[in-house]
Every structure is written in structure tokens, then in C-alpha cells.
Amino acid sequence: MFSGSIVALVTPMQADGAVDYVALQRLVNFHIDNGTDAIVAVGTTGESATLDVEEHMSVVRAVIKTAAGRVPVIAGTGANSTREAIELTAAAKEAGANASLLVTPYYNKPTQEGLYRHFKAVAEAVDIPIILYNVPGRTAVDMKPDTVARLTDIKNIVGLKEASGSLDRNRELAARVGKRLDLLSGDDDLGCESILSGFSGVISVTANVAPRKMHDMCAAALQGDAVRAHSIDADLRGLHQSLFVESNPIPTKWALQHMGLMPGGIRLPLTPLSPDHYPVVLAALNQAGVTFA
């Protein structure tokens, strides 16, 4: 259902933190023009934690309107409150999203049974395709493969974004549930090998700044062309690393500003990229062949 290079889209903002809808439209068109296979609107890379509910859904609706059916739009609707996740997911369905991406509840550290019941409750409450999202480094909870396997019995749970940072974990998931879920790497540096191991694609931060190469890498890997996939991925390797020299999406927003695609606004408690990191991000952009306005 979902495959290839799926961008975890940033939310462009003015210097005062206001959402920049003109730049948002520009970014969506930039991705469609450069082969991005689907767009995640207001996932965690889109600063979902600092947008209020009205802003959150306004951005989702704006992305859906601009995409106009040209590519699927997946709405980030995760929350650490099950009730809030249900409300956001219902709003995403009403807005016309093709699917919802739900991160594991953060901070409150539910048990594996709690994770199962949380996602089951959302899926049963809202009839929309749901992609689970496991990112223990940001949430302090790790959804285990056994729990993922249990959740595959729920008909509208269709995918998993796995960002545990472990290729061994990804290979285990591919073997256990790869025929029942669209498996999507949430780690750009593992994306190529994960697809070659049975994953369907990548929900990518790197795609924000190098969409064409991410699309081409994913396409080659999906076709089983490991030589071409590895060759393209080698050009992207610096971005996979440098876009995380400070907390995501800080470096990515600086890069997009440097590319002339949006202003540099970001919301506290996140801060603009430290000048100390400018050279390493710029070098990675050059290595990937990114052009500047």
C-alpha cells in the first residue's frame, strides 16, 4: 500500500514561529516534482509536539489540498493520550488523509500490553489505514516484534515505521510480518539495507533535502538492484548523519533555508542550528549534489 521514499515533511515557519503556508505549498510541490512517493504531514519531524490541535490539522489539510491526489498524504496523529490520538486520527480521516502515522505514546512508558491496547483502540475507533511508529530513542518505549505481530490481526493496521536503529530488528520484522505489513525504515542510514532485506521503503528525513536521490535509491533497492542502490546511498551517507548532528528537525530546517525553500523559523524548545555545525551540513549537501537557489 505504501512504499518507496516517503518524506517526513518539516513544517515551515516564519522567524516568529508562525506556520508559513506559502512555503508549505512550495515544499509539497518540490517533493511531487522530484519523485517523492508519499508525504507525512505533521509527523514528529513536522514538530507535532509544539503545534496545537488547530494548527496541526490546518497543516494536514493544507498538505492534502496542495497534493491534490498526486501522491498519498499520511497524517501524523500520534499522542501519548489514547483519547487525543483517536481525536486526531478521526480529524485526519475527515480531512481526506490516505492514512495515519501513530507514534508510540511517549513519556508515560506503557507496557507492551498497553501499546497493544492503545493502537487497537485507535484502529477500532477510526476506519482509516494506520501505520505504527516505533522510535524508542525519542519516546522511551520500545514496541517489540511480538506486539507488532499481535497488531497485524487488526485489519486497518497496514504498516510499521521502525526506527529502533537496528538492522537485525528490521530483518526480524521482515521475516515475521513482512507479508502482512508495509515495513518502512525510520532510520535513513538503514533504509537501503532494510529495503534490500524486505522492507517496502523509508519514511525519510533526508528526503526533505534530497528527494530525487532518495526516490531513486528506494526504487533501485525495491527492484533488487543492490549495486545501484548502494551507489546512490553512498552520495546520501553524509546527509543521513549530518541531519542529526542536533535534534531533528533542526539541521534539516537550516538546510532547507540554505536551499532557499523556506524561512528558518523553529519553535522552542528547539533552537536554530549552531553555526559550529554549518560546515558539516553544507559538506553533506554538496556531497549529495543538492542545488541551491
# chains A, B, ... in the order shown; residues from 1 in each chain; ligands from 1
$ residues_around --residues "A:Asp142" --least-positions-apart "3" --cutoff "9 Å" --atoms "only C-alpha atoms" --output "VMD selection string"
chain A and resid 104 109 112 134 to 137 139 164
$ select_by_dssp --residues "stretch 112-168 of chain A" --states "strand (DSSP E)" --output "list in words"
Ile130, Ile131, Leu132, Tyr133, Asn134, Ile157, Val158, Gly159, Leu160, Lys161 and Glu162 of chain A
$ residues_around --residues "stretch 64-73 of chain A" --least-positions-apart "3" --cutoff "7 Å" --atoms "only C-alpha atoms" --output "PDB file with C-alpha atoms, in the first residue's frame"
ATOM      1  CA  GLN A  25       2.816  24.679  -0.578  1.00  0.00           C
ATOM      2  CA  VAL A  28       4.808  19.882  -1.271  1.00  0.00           C
ATOM      3  CA  ASP A  37       6.300   8.709  -3.292  1.00  0.00           C
ATOM      4  CA  ALA A  38       4.201   9.931  -0.349  1.00  0.00           C
ATOM      5  CA  ILE A  39       4.215  12.715   2.240  1.00  0.00           C
ATOM      6  CA  VAL A  40       3.882  12.535   6.015  1.00  0.00           C
ATOM      7  CA  ALA A  41       2.291  15.759   7.257  1.00  0.00           C
ATOM      8  CA  VAL A  60      -2.558  18.467   7.368  1.00  0.00           C
ATOM      9  CA  ARG A  61      -5.439  19.965   5.380  1.00  0.00           C
ATOM     10  CA  ALA A  97      -5.751  11.757   4.576  1.00  0.00           C
ATOM     11  CA  ASN A  98      -4.838   8.448   2.964  1.00  0.00           C
ATOM     12  CA  ALA A  99      -3.525   7.048   6.253  1.00  0.00           C
TER      13      ALA A  99
END
$ residues_around --residues "A:Leu167" --least-positions-apart "5" --cutoff "10 Å" --atoms "only C-alpha atoms" --output "PDB file with C-alpha atoms, in the first residue's frame"
ATOM      1  CA  GLU A 162      10.580   1.125  12.593  1.00  0.00           C
ATOM      2  CA  GLU A 172      13.473  -9.975  12.147  1.00  0.00           C
ATOM      3  CA  LEU A 173      10.394  -7.879  11.389  1.00  0.00           C
ATOM      4  CA  SER A 185      12.540   2.239   7.857  1.00  0.00           C
ATOM      5  CA  ASP A 187      16.344   5.373  10.057  1.00  0.00           C
ATOM      6  CA  ASP A 189      21.123   5.259   7.352  1.00  0.00           C
ATOM      7  CA  LEU A 190      19.488   1.806   7.429  1.00  0.00           C
ATOM      8  CA  GLY A 191      16.992   2.475   4.659  1.00  0.00           C
ATOM      9  CA  GLU A 193      19.795  -2.272   3.548  1.00  0.00           C
ATOM     10  CA  SER A 194      16.333  -2.521   5.094  1.00  0.00           C
ATOM     11  CA  SER A 197      16.139  -7.119   3.352  1.00  0.00           C
TER      12      SER A 197
END
$ closest_atom_pairs --of "stretch 212-271 of chain A" --to "stretch 280-291 of chain A" --cutoff "10 Å" --atoms "only C-alpha atoms" --output "tab-separated table"
residue	atom	partner	partner_atom	distance
A:Arg212	CA	A:Val290	CA	9.8
A:Lys213	CA	A:Ala288	CA	8.1
A:Ile232	CA	A:Ala288	CA	8.8
A:Asp233	CA	A:Ala288	CA	9.2
A:Ala234	CA	A:Ala288	CA	8.6
A:Asp235	CA	A:Ala288	CA	4.9
A:Leu236	CA	A:Ala288	CA	5.3
A:Arg237	CA	A:Ala284	CA	7.9
A:Gly238	CA	A:Ala284	CA	4.7
A:Leu239	CA	A:Ala284	CA	5.2
A:His240	CA	A:Ala284	CA	8.7
A:Gln241	CA	A:Ala284	CA	8.6
A:Ser242	CA	A:Val281	CA	5.4
A:Leu243	CA	A:Val281	CA	6.9
A:Phe244	CA	A:Val281	CA	9.5
A:Val245	CA	A:Val281	CA	8.5
A:Pro251	CA	A:Val281	CA	7.3
A:Thr252	CA	A:Val281	CA	8.8
A:Trp254	CA	A:Val281	CA	8.8
A:Ala255	CA	A:Val281	CA	7.3
A:His258	CA	A:Leu282	CA	8.8
A:Met259	CA	A:Thr291	CA	7.1
A:Gly260	CA	A:Thr291	CA	9.8
$ closest_atom_pairs --of "stretch 119-172 of chain A" --to "stretch 75-81 of chain A" --cutoff "10 Å" --atoms "only C-alpha atoms" --output "CSV"
residue,atom,partner,partner_atom,distance
A:Phe119,CA,A:Gly78,CA,9.8
A:Val122,CA,A:Gly78,CA,9.8
A:Ile130,CA,A:Ala75,CA,9.6
A:Ile131,CA,A:Gly76,CA,9.4
A:Leu132,CA,A:Gly78,CA,9.1
A:Tyr133,CA,A:Gly78,CA,8.6
A:Thr139,CA,A:Asn80,CA,9.4
$ write_last_selection --atoms "N, CA and C atoms" --output "short mmCIF file (atom, residue, chain, number, x, y, z; two decimals), in the first residue's frame"
data_model
loop_
_atom_site.label_atom_id
_atom_site.label_comp_id
_atom_site.auth_asym_id
_atom_site.auth_seq_id
_atom_site.Cartn_x
_atom_site.Cartn_y
_atom_site.Cartn_z
N PHE A 119 -3.05 1.05 20.36
CA PHE A 119 -3.21 1.03 18.91
C PHE A 119 -4.49 0.33 18.48
N VAL A 122 -7.36 2.87 18.84
CA VAL A 122 -7.40 3.86 17.76
C VAL A 122 -7.90 3.22 16.47
N ILE A 130 -3.74 2.59 9.14
CA ILE A 130 -2.88 3.08 10.22
C ILE A 130 -1.49 2.47 10.08
N ILE A 131 -0.50 3.35 10.21
CA ILE A 131 0.91 2.94 10.23
C ILE A 131 1.43 3.17 11.64
N LEU A 132 1.92 2.12 12.27
CA LEU A 132 2.51 2.22 13.60
C LEU A 132 3.90 2.85 13.47
N TYR A 133 4.36 3.46 14.56
CA TYR A 133 5.67 4.12 14.52
C TYR A 133 6.40 3.84 15.83
N THR A 139 10.98 8.24 22.47
CA THR A 139 9.76 8.05 23.26
C THR A 139 9.98 7.34 24.59
#
$ atom_distance --atom1 "atom CA of A:Ala174" --atom2 "atom CA of A:Tyr107"
27.8 Å
$ select_by_dssp --residues "stretch 155-270 of chain A" --states "helix (DSSP H, G or I)" --output "mmCIF file with C-alpha atoms, in the first residue's frame"
data_model
loop_
_atom_site.group_PDB
_atom_site.id
_atom_site.type_symbol
_atom_site.label_atom_id
_atom_site.label_comp_id
_atom_site.auth_asym_id
_atom_site.auth_seq_id
_atom_site.Cartn_x
_atom_site.Cartn_y
_atom_site.Cartn_z
ATOM 1 C CA LEU A 167 19.198 -3.688 11.146
ATOM 2 C CA ASP A 168 18.881 -7.015 12.954
ATOM 3 C CA ARG A 169 15.496 -5.872 14.310
ATOM 4 C CA ASN A 170 14.428 -4.844 10.823
ATOM 5 C CA ARG A 171 15.398 -8.200 9.388
ATOM 6 C CA GLU A 172 13.473 -9.975 12.147
ATOM 7 C CA LEU A 173 10.394 -7.879 11.389
ATOM 8 C CA ALA A 174 10.695 -8.573 7.671
ATOM 9 C CA ALA A 175 10.778 -12.302 8.359
ATOM 10 C CA ARG A 176 7.904 -12.246 10.838
ATOM 11 C CA VAL A 177 5.419 -9.695 9.500
ATOM 12 C CA ASP A 188 17.729 6.874 6.856
ATOM 13 C CA ASP A 189 21.123 5.259 7.352
ATOM 14 C CA LEU A 190 19.488 1.806 7.429
ATOM 15 C CA GLY A 191 16.992 2.475 4.659
ATOM 16 C CA CYS A 192 18.886 0.956 1.755
ATOM 17 C CA GLU A 193 19.795 -2.272 3.548
ATOM 18 C CA SER A 194 16.333 -2.521 5.094
ATOM 19 C CA ILE A 195 14.636 -2.429 1.684
ATOM 20 C CA LEU A 196 17.086 -4.983 0.328
ATOM 21 C CA THR A 206 16.956 13.001 4.218
ATOM 22 C CA ALA A 207 14.223 13.171 1.558
ATOM 23 C CA ASN A 208 13.404 16.686 2.752
ATOM 24 C CA PRO A 211 14.054 13.895 -2.642
ATOM 25 C CA ARG A 212 15.081 12.730 -6.109
ATOM 26 C CA LYS A 213 18.063 10.711 -4.904
ATOM 27 C CA MET A 214 16.062 9.165 -2.056
ATOM 28 C CA HIS A 215 13.369 8.161 -4.529
ATOM 29 C CA ASP A 216 15.941 6.698 -6.930
ATOM 30 C CA MET A 217 17.729 4.814 -4.158
ATOM 31 C CA CYS A 218 14.480 3.299 -2.891
ATOM 32 C CA ALA A 219 13.362 2.394 -6.409
ATOM 33 C CA ALA A 220 16.643 0.635 -7.143
ATOM 34 C CA ALA A 221 16.534 -1.280 -3.858
ATOM 35 C CA LEU A 222 12.914 -2.304 -4.424
ATOM 36 C CA ALA A 226 21.782 -3.561 -4.861
ATOM 37 C CA VAL A 227 24.729 -2.099 -6.784
ATOM 38 C CA ARG A 228 22.790 0.963 -7.951
ATOM 39 C CA ALA A 229 21.021 1.370 -4.602
ATOM 40 C CA HIS A 230 24.323 1.299 -2.715
ATOM 41 C CA SER A 231 25.903 3.738 -5.161
ATOM 42 C CA ILE A 232 23.138 6.312 -4.687
ATOM 43 C CA ASP A 233 23.060 5.750 -0.943
ATOM 44 C CA ALA A 234 26.800 6.464 -0.759
ATOM 45 C CA ASP A 235 26.113 10.003 -2.010
ATOM 46 C CA LEU A 236 23.464 10.410 0.695
ATOM 47 C CA ARG A 237 25.504 8.956 3.549
ATOM 48 C CA GLY A 238 26.704 12.335 4.777
ATOM 49 C CA LEU A 239 23.145 13.663 4.932
ATOM 50 C CA HIS A 240 21.939 10.585 6.814
ATOM 51 C CA GLN A 241 24.459 11.513 9.513
ATOM 52 C CA SER A 242 24.685 15.312 9.440
ATOM 53 C CA ILE A 250 16.980 21.448 13.486
ATOM 54 C CA PRO A 251 19.644 20.661 10.838
ATOM 55 C CA THR A 252 17.053 19.893 8.158
ATOM 56 C CA LYS A 253 15.331 23.228 8.638
ATOM 57 C CA TRP A 254 18.675 25.021 8.345
ATOM 58 C CA ALA A 255 19.444 23.106 5.146
ATOM 59 C CA LEU A 256 16.077 23.946 3.583
ATOM 60 C CA GLN A 257 16.531 27.593 4.477
ATOM 61 C CA HIS A 258 20.008 27.478 2.896
#
$ closest_residue --among "A:His56, A:Lys155, A:Gly178, A:Val141" --to "A:Gly114" --atoms "only C-alpha atoms"
A:Val141
